[in-house]
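The file entry35.tsv contains TSV, C-alpha atoms:
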```tsv
chain	number	residue	atom	x	y	z
A	61	MET	CA	-101.22	161.09	-111.62
A	62	SER	CA	-99.88	162.09	-115.01
A	63	HIS	CA	-100.96	159.99	-117.99
A	64	TYR	CA	-98.74	159.08	-120.91
A	65	PHE	CA	-101.10	160.83	-123.32
A	66	THR	CA	-100.69	164.21	-121.60
A	67	GLN	CA	-97.81	166.65	-121.50
A	68	PRO	CA	-95.09	165.42	-119.11
A	69	SER	CA	-94.88	167.51	-115.94
A	70	ALA	CA	-91.92	165.98	-114.08
A	71	ALA	CA	-88.24	166.21	-114.94
A	72	GLU	CA	-87.16	163.49	-117.35
A	73	LYS	CA	-85.47	160.44	-115.83
A	74	ARG	CA	-84.15	158.07	-118.48
A	75	ARG	CA	-83.35	154.39	-118.14
A	76	SER	CA	-82.40	151.47	-120.39
A	77	VAL	CA	-84.58	148.39	-120.86
A	78	ASP	CA	-83.74	145.09	-122.53
A	79	VAL	CA	-86.44	143.29	-124.50
A	80	ARG	CA	-86.57	140.26	-126.78
A	81	PHE	CA	-88.79	139.64	-129.79
A	82	TRP	CA	-88.40	138.20	-133.29
A	83	ASP	CA	-85.56	136.04	-131.89
A	84	THR	CA	-83.51	139.18	-131.28
A	85	ASP	CA	-82.35	140.99	-128.15
A	86	TRP	CA	-82.92	144.74	-128.17
A	87	ARG	CA	-82.00	147.62	-125.84
A	88	PHE	CA	-84.13	150.75	-125.71
A	89	THR	CA	-84.09	153.97	-123.73
A	90	THR	CA	-87.29	154.90	-121.88
A	91	ALA	CA	-88.24	157.59	-119.37
A	92	ASN	CA	-90.89	158.49	-116.86
A	93	GLU	CA	-94.28	159.78	-118.04
A	94	VAL	CA	-94.33	157.76	-121.24
A	95	PHE	CA	-96.32	154.60	-121.86
A	96	SER	CA	-94.76	151.44	-120.39
A	97	ALA	CA	-91.62	153.16	-119.16
A	98	ASP	CA	-90.42	150.03	-117.34
A	99	GLY	CA	-90.15	147.85	-120.44
A	100	LEU	CA	-92.08	146.20	-123.23
A	101	ASP	CA	-95.75	146.06	-122.22
A	102	LEU	CA	-97.66	142.79	-122.47
A	103	GLY	CA	-99.96	143.94	-125.27
A	104	THR	CA	-97.21	145.16	-127.57
A	105	GLY	CA	-95.31	141.95	-126.86
A	106	VAL	CA	-98.33	139.92	-127.95
A	107	LEU	CA	-98.64	142.03	-131.11
A	108	LEU	CA	-94.96	141.52	-132.00
A	109	ARG	CA	-95.21	137.77	-131.44
A	110	SER	CA	-98.33	137.51	-133.61
A	111	ALA	CA	-97.11	139.08	-136.86
A	112	THR	CA	-94.26	140.50	-138.88
A	113	PRO	CA	-94.58	143.30	-141.42
A	114	PRO	CA	-94.22	142.65	-145.15
A	115	ALA	CA	-90.54	142.98	-146.06
A	116	ASP	CA	-91.41	144.89	-149.23
A	117	ALA	CA	-93.47	147.56	-147.46
A	118	THR	CA	-92.61	151.14	-148.35
A	119	ARG	CA	-94.72	153.17	-145.89
A	120	LEU	CA	-95.71	152.13	-142.37
A	121	LEU	CA	-97.30	153.82	-139.37
A	122	ASP	CA	-96.69	153.29	-135.67
A	123	LEU	CA	-99.76	154.93	-134.16
A	124	GLY	CA	-99.09	155.92	-130.55
A	125	CYS	CA	-95.39	155.18	-130.85
A	126	GLY	CA	-94.33	155.79	-127.24
A	127	TRP	CA	-90.58	155.26	-126.93
A	128	GLY	CA	-90.51	153.70	-130.37
A	129	VAL	CA	-90.31	149.94	-130.04
A	130	LEU	CA	-92.75	149.27	-132.90
A	131	ALA	CA	-91.32	151.99	-135.13
A	132	VAL	CA	-87.78	150.66	-134.72
A	133	ALA	CA	-88.91	147.07	-135.19
A	134	LEU	CA	-90.86	147.91	-138.36
A	135	ALA	CA	-88.01	149.93	-139.87
A	136	THR	CA	-85.53	147.15	-139.09
A	137	ALA	CA	-87.73	144.45	-140.64
A	138	CYS	CA	-88.55	146.54	-143.73
A	139	PRO	CA	-85.32	148.08	-145.05
A	140	GLY	CA	-87.12	149.94	-147.83
A	141	ALA	CA	-89.84	151.46	-145.66
A	142	VAL	CA	-90.33	154.89	-144.15
A	143	VAL	CA	-92.09	154.65	-140.77
A	144	ASP	CA	-94.20	157.51	-139.46
A	145	ALA	CA	-94.11	157.33	-135.64
A	146	VAL	CA	-97.01	159.36	-134.26
A	147	ASP	CA	-97.63	160.35	-130.64
A	148	VAL	CA	-99.03	163.31	-128.69
A	149	ASN	CA	-96.35	163.09	-125.99
A	150	PRO	CA	-93.24	165.12	-126.91
A	151	ARG	CA	-91.07	163.14	-124.50
A	152	ALA	CA	-92.11	159.93	-126.24
A	153	LEU	CA	-91.24	161.42	-129.63
A	154	SER	CA	-87.78	162.41	-128.39
A	155	LEU	CA	-87.17	158.91	-127.04
A	156	CYS	CA	-88.41	157.36	-130.27
A	157	ALA	CA	-85.97	159.49	-132.27
A	158	ASP	CA	-83.08	158.53	-129.99
A	159	ASN	CA	-83.94	154.83	-130.12
A	160	ALA	CA	-84.20	154.95	-133.91
A	161	ARG	CA	-80.76	156.56	-134.01
A	162	ALA	CA	-79.33	153.94	-131.67
A	163	HIS	CA	-80.61	151.13	-133.91
A	164	GLY	CA	-79.43	152.71	-137.16
A	165	VAL	CA	-82.84	153.51	-138.64
A	166	ALA	CA	-83.15	157.22	-137.84
A	167	ASP	CA	-83.12	158.09	-141.53
A	168	ARG	CA	-86.38	156.15	-142.01
A	169	VAL	CA	-88.25	156.65	-138.72
A	170	ARG	CA	-90.07	159.97	-138.56
A	171	PRO	CA	-91.36	160.80	-135.06
A	172	MET	CA	-94.11	163.42	-135.25
A	173	LEU	CA	-97.17	164.89	-133.65
A	174	PRO	CA	-100.42	163.75	-135.29
A	175	ASP	CA	-101.05	167.04	-137.08
A	176	ALA	CA	-97.63	166.85	-138.74
A	177	ALA	CA	-98.49	163.67	-140.65
A	178	ASP	CA	-99.34	164.18	-144.31
A	179	PRO	CA	-103.01	163.15	-144.67
A	180	ALA	CA	-102.38	162.19	-148.30
A	181	VAL	CA	-99.95	159.41	-147.35
A	182	ARG	CA	-101.30	155.88	-147.63
A	183	TYR	CA	-99.82	153.18	-145.42
A	184	ASP	CA	-99.12	149.56	-146.28
A	185	GLU	CA	-99.63	148.70	-142.62
A	186	ILE	CA	-100.57	150.49	-139.41
A	187	TRP	CA	-99.38	148.95	-136.15
A	188	SER	CA	-100.82	150.14	-132.86
A	189	ASN	CA	-101.43	149.38	-129.23
A	190	PRO	CA	-104.09	152.10	-129.22
A	191	PRO	CA	-104.61	154.34	-126.17
A	192	ILE	CA	-107.85	152.77	-124.96
A	193	ARG	CA	-107.85	154.85	-121.78
A	194	ILE	CA	-108.44	158.12	-123.64
A	195	GLY	CA	-112.12	157.06	-123.71
A	196	LYS	CA	-114.38	155.41	-126.25
A	197	ASP	CA	-115.35	158.54	-128.19
A	198	ALA	CA	-111.76	159.74	-128.51
A	199	LEU	CA	-110.59	156.27	-129.49
A	200	HIS	CA	-113.26	156.00	-132.17
A	201	GLU	CA	-112.27	159.41	-133.52
A	202	LEU	CA	-108.62	158.33	-133.56
A	203	LEU	CA	-109.35	155.18	-135.53
A	204	LEU	CA	-111.70	156.92	-137.95
A	205	THR	CA	-108.94	159.44	-138.65
A	206	TRP	CA	-106.15	156.96	-139.33
A	207	LEU	CA	-107.72	153.79	-140.72
A	208	PRO	CA	-108.84	155.54	-143.95
A	209	ARG	CA	-105.14	156.28	-144.56
A	210	LEU	CA	-104.48	152.62	-145.26
A	211	ALA	CA	-103.52	151.78	-148.83
A	212	PRO	CA	-106.25	149.92	-150.74
A	213	HIS	CA	-104.88	146.54	-149.66
A	214	GLY	CA	-103.35	147.78	-146.43
A	215	VAL	CA	-103.80	146.23	-143.00
A	216	ALA	CA	-103.96	147.74	-139.53
A	217	ARG	CA	-102.70	145.47	-136.76
A	218	LEU	CA	-104.21	146.46	-133.41
A	219	VAL	CA	-103.75	144.90	-129.98
A	220	VAL	CA	-106.46	145.53	-127.38
A	221	GLY	CA	-107.02	144.13	-123.90
A	222	ARG	CA	-110.01	141.82	-123.65
A	223	ASN	CA	-111.04	143.49	-120.37
A	224	LEU	CA	-110.70	146.91	-122.02
A	225	GLY	CA	-113.38	146.25	-124.61
A	226	ALA	CA	-111.57	144.40	-127.39
A	227	ASP	CA	-114.62	142.46	-128.50
A	228	SER	CA	-116.93	145.48	-128.52
A	229	LEU	CA	-114.30	147.42	-130.47
A	230	GLN	CA	-114.17	144.65	-133.04
A	231	ARG	CA	-117.97	144.80	-133.44
A	232	TRP	CA	-117.83	148.59	-133.74
A	233	LEU	CA	-115.17	148.44	-136.46
A	234	ILE	CA	-117.26	145.97	-138.42
A	235	ASP	CA	-120.31	148.23	-138.00
A	236	GLN	CA	-118.22	151.07	-139.47
A	237	GLY	CA	-117.69	149.03	-142.62
A	238	TRP	CA	-114.25	147.58	-141.90
A	239	ALA	CA	-113.26	143.94	-142.03
A	240	CYS	CA	-111.83	143.08	-138.62
A	241	GLU	CA	-110.48	139.61	-137.92
A	242	ARG	CA	-108.98	138.33	-134.70
A	243	THR	CA	-105.57	136.91	-135.60
A	244	ALA	CA	-104.22	136.12	-132.13
A	245	SER	CA	-105.25	136.01	-128.50
A	246	ALA	CA	-102.84	135.74	-125.57
A	247	LYS	CA	-102.27	137.04	-122.04
A	248	GLY	CA	-105.69	138.71	-122.02
A	249	PHE	CA	-105.16	140.56	-125.31
A	250	ARG	CA	-106.73	140.30	-128.74
A	251	VAL	CA	-104.83	141.10	-131.94
A	252	PHE	CA	-106.97	142.32	-134.82
A	253	ALA	CA	-106.20	142.69	-138.53
A	254	VAL	CA	-108.33	145.51	-139.91
A	255	HIS	CA	-108.72	146.21	-143.62
A	256	ARG	CA	-111.25	147.49	-146.09
A	257	ALA	CA	-114.17	145.16	-146.50
A	258	THR	CA	-114.50	143.56	-149.92
A	259	SER	CA	-117.93	143.84	-151.48
```
Translate the structure described by the file into structure tokens.
Amino acid sequence: MSHYFTQPSAAEKRRSVDVRFWDTDWRFTTANEVFSADGLDLGTGVLLRSATPPADATRLLDLGCGWGVLAVALATACPGAVVDAVDVNPRALSLCADNARAHGVADRVRPMLPDAADPAVRYDEIWSNPPIRIGKDALHELLLTWLPRLAPHGVARLVVGRNLGADSLQRWLIDQGWACERTASAKGFRVFAVHRATS
């Protein structure tokens, strides 16, 4: 079985999916061998229902963008923001670009591989349904790479399945010196707000 965090091996088969969040109906294009190809996954839906980005944000990150639902949502909600949409799956990046174009935000959504992101950029917010299934060590490395790129008062909004170790991840983040608060819990998922701890 091919995983969404590996290189796609089968021919691309695209489809359209309809989703609703923030009191708006949206249509996106997805394809096989990307995360949640059949529609909006439960975790990302919980994340979108739990928060909205600050309208005055200027730089945002969708970490593990998949077909781009968070990137498009963030760019639409924050008309002055540039959104870096990062993923390791080239098919996902192509879909993200096409969905951004379809929703009129392609000029501000920048799909890219992780190494293409400027490490000097500081983000007002990071939104992510992180790829828990890559394994604990890889996940920790991922978070330790990207969380330090938050602006001084920035916030990372993460959604993690309770049965996939959400509570232990929260403890680990706190042990690493981050403030990590649970802001929502629904459908077996926890939503965390992560920011620099104040001394």
Give me the stretch 71-187 of chain A side of the contact with stretch 202-221 of chain A, cut-off 7 Å, one line per residue showing its nearest atom pair and distance in Å at one decimal, counting all atoms listed in the file, sorted by chain and residue number, as CSV.
```
residue,atom,partner,partner_atom,distance
A:Gly103,CA,A:Val219,CA,6.1
A:Thr104,CA,A:Val219,CA,7.0
A:Leu107,CA,A:Val219,CA,6.0
A:Val181,CA,A:Arg209,CA,6.7
A:Arg182,CA,A:Ala211,CA,4.8
A:Tyr183,CA,A:Leu210,CA,4.7
A:Asp184,CA,A:Gly214,CA,4.6
A:Glu185,CA,A:Val215,CA,4.9
A:Ile186,CA,A:Ala216,CA,4.4
A:Trp187,CA,A:Arg217,CA,4.8
```
Now that the selection is made, can you save its residues with C-alpha atoms as a compact mmCIF listing (two decimals), in the frame of the given file?
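Result saved to part.txt:
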```txt
# COMPACT_ATOMS: atom_id res chain seq x y z
CA GLY A 103 -99.96 143.94 -125.27
CA THR A 104 -97.21 145.16 -127.57
CA LEU A 107 -98.64 142.03 -131.11
CA VAL A 181 -99.95 159.41 -147.35
CA ARG A 182 -101.30 155.88 -147.63
CA TYR A 183 -99.82 153.18 -145.42
CA ASP A 184 -99.12 149.56 -146.28
CA GLU A 185 -99.63 148.70 -142.62
CA ILE A 186 -100.57 150.49 -139.41
CA TRP A 187 -99.38 148.95 -136.15
```
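We find atom CA of A:Leu199 and atom CA of A:Asp147 to be spaced 13.6 Å apart.
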List the neighbours of A:Phe81 out to 12 Å using only C-alpha atoms; skip same-chain residues closer than 6 positions along the sequence, and give me the result as a PyMOL selection string. chain A and resi 87+100+102+104-112+129-130+133+137
May I ask for the distance between atom CA of A:Arg231 and atom CA of A:Cys125, given in Å to one decimal place? 25.0 Å
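Residue nearest A:Ile192, chosen from A:Gly164, A:Leu229, A:Asp175, A:Trp127 and counting all atoms listed in the file: A:Leu229.
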Counting all atoms listed in the file, I want the residues whose atoms come within 8 Å of (-110.4, 143.9, -137.4) in the file frame, returned as a list of chain:residue names. A:Ala216, A:Arg217, A:Leu218, A:Gln230, A:Leu233, A:Ile234, A:Trp238, A:Ala239, A:Cys240, A:Glu241, A:Arg242, A:Phe252, A:Ala253, A:Val254, A:His255
What is the atom CA of A:Ala176-atom CA of A:Pro191 distance in Å, reported with one decimal? 19.1 Å
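Using only C-alpha atoms, the nearest neighbour of A:Gly140 within the list A:Glu93, A:Asp158, A:Asp122, A:Asp116 is A:Asp116.
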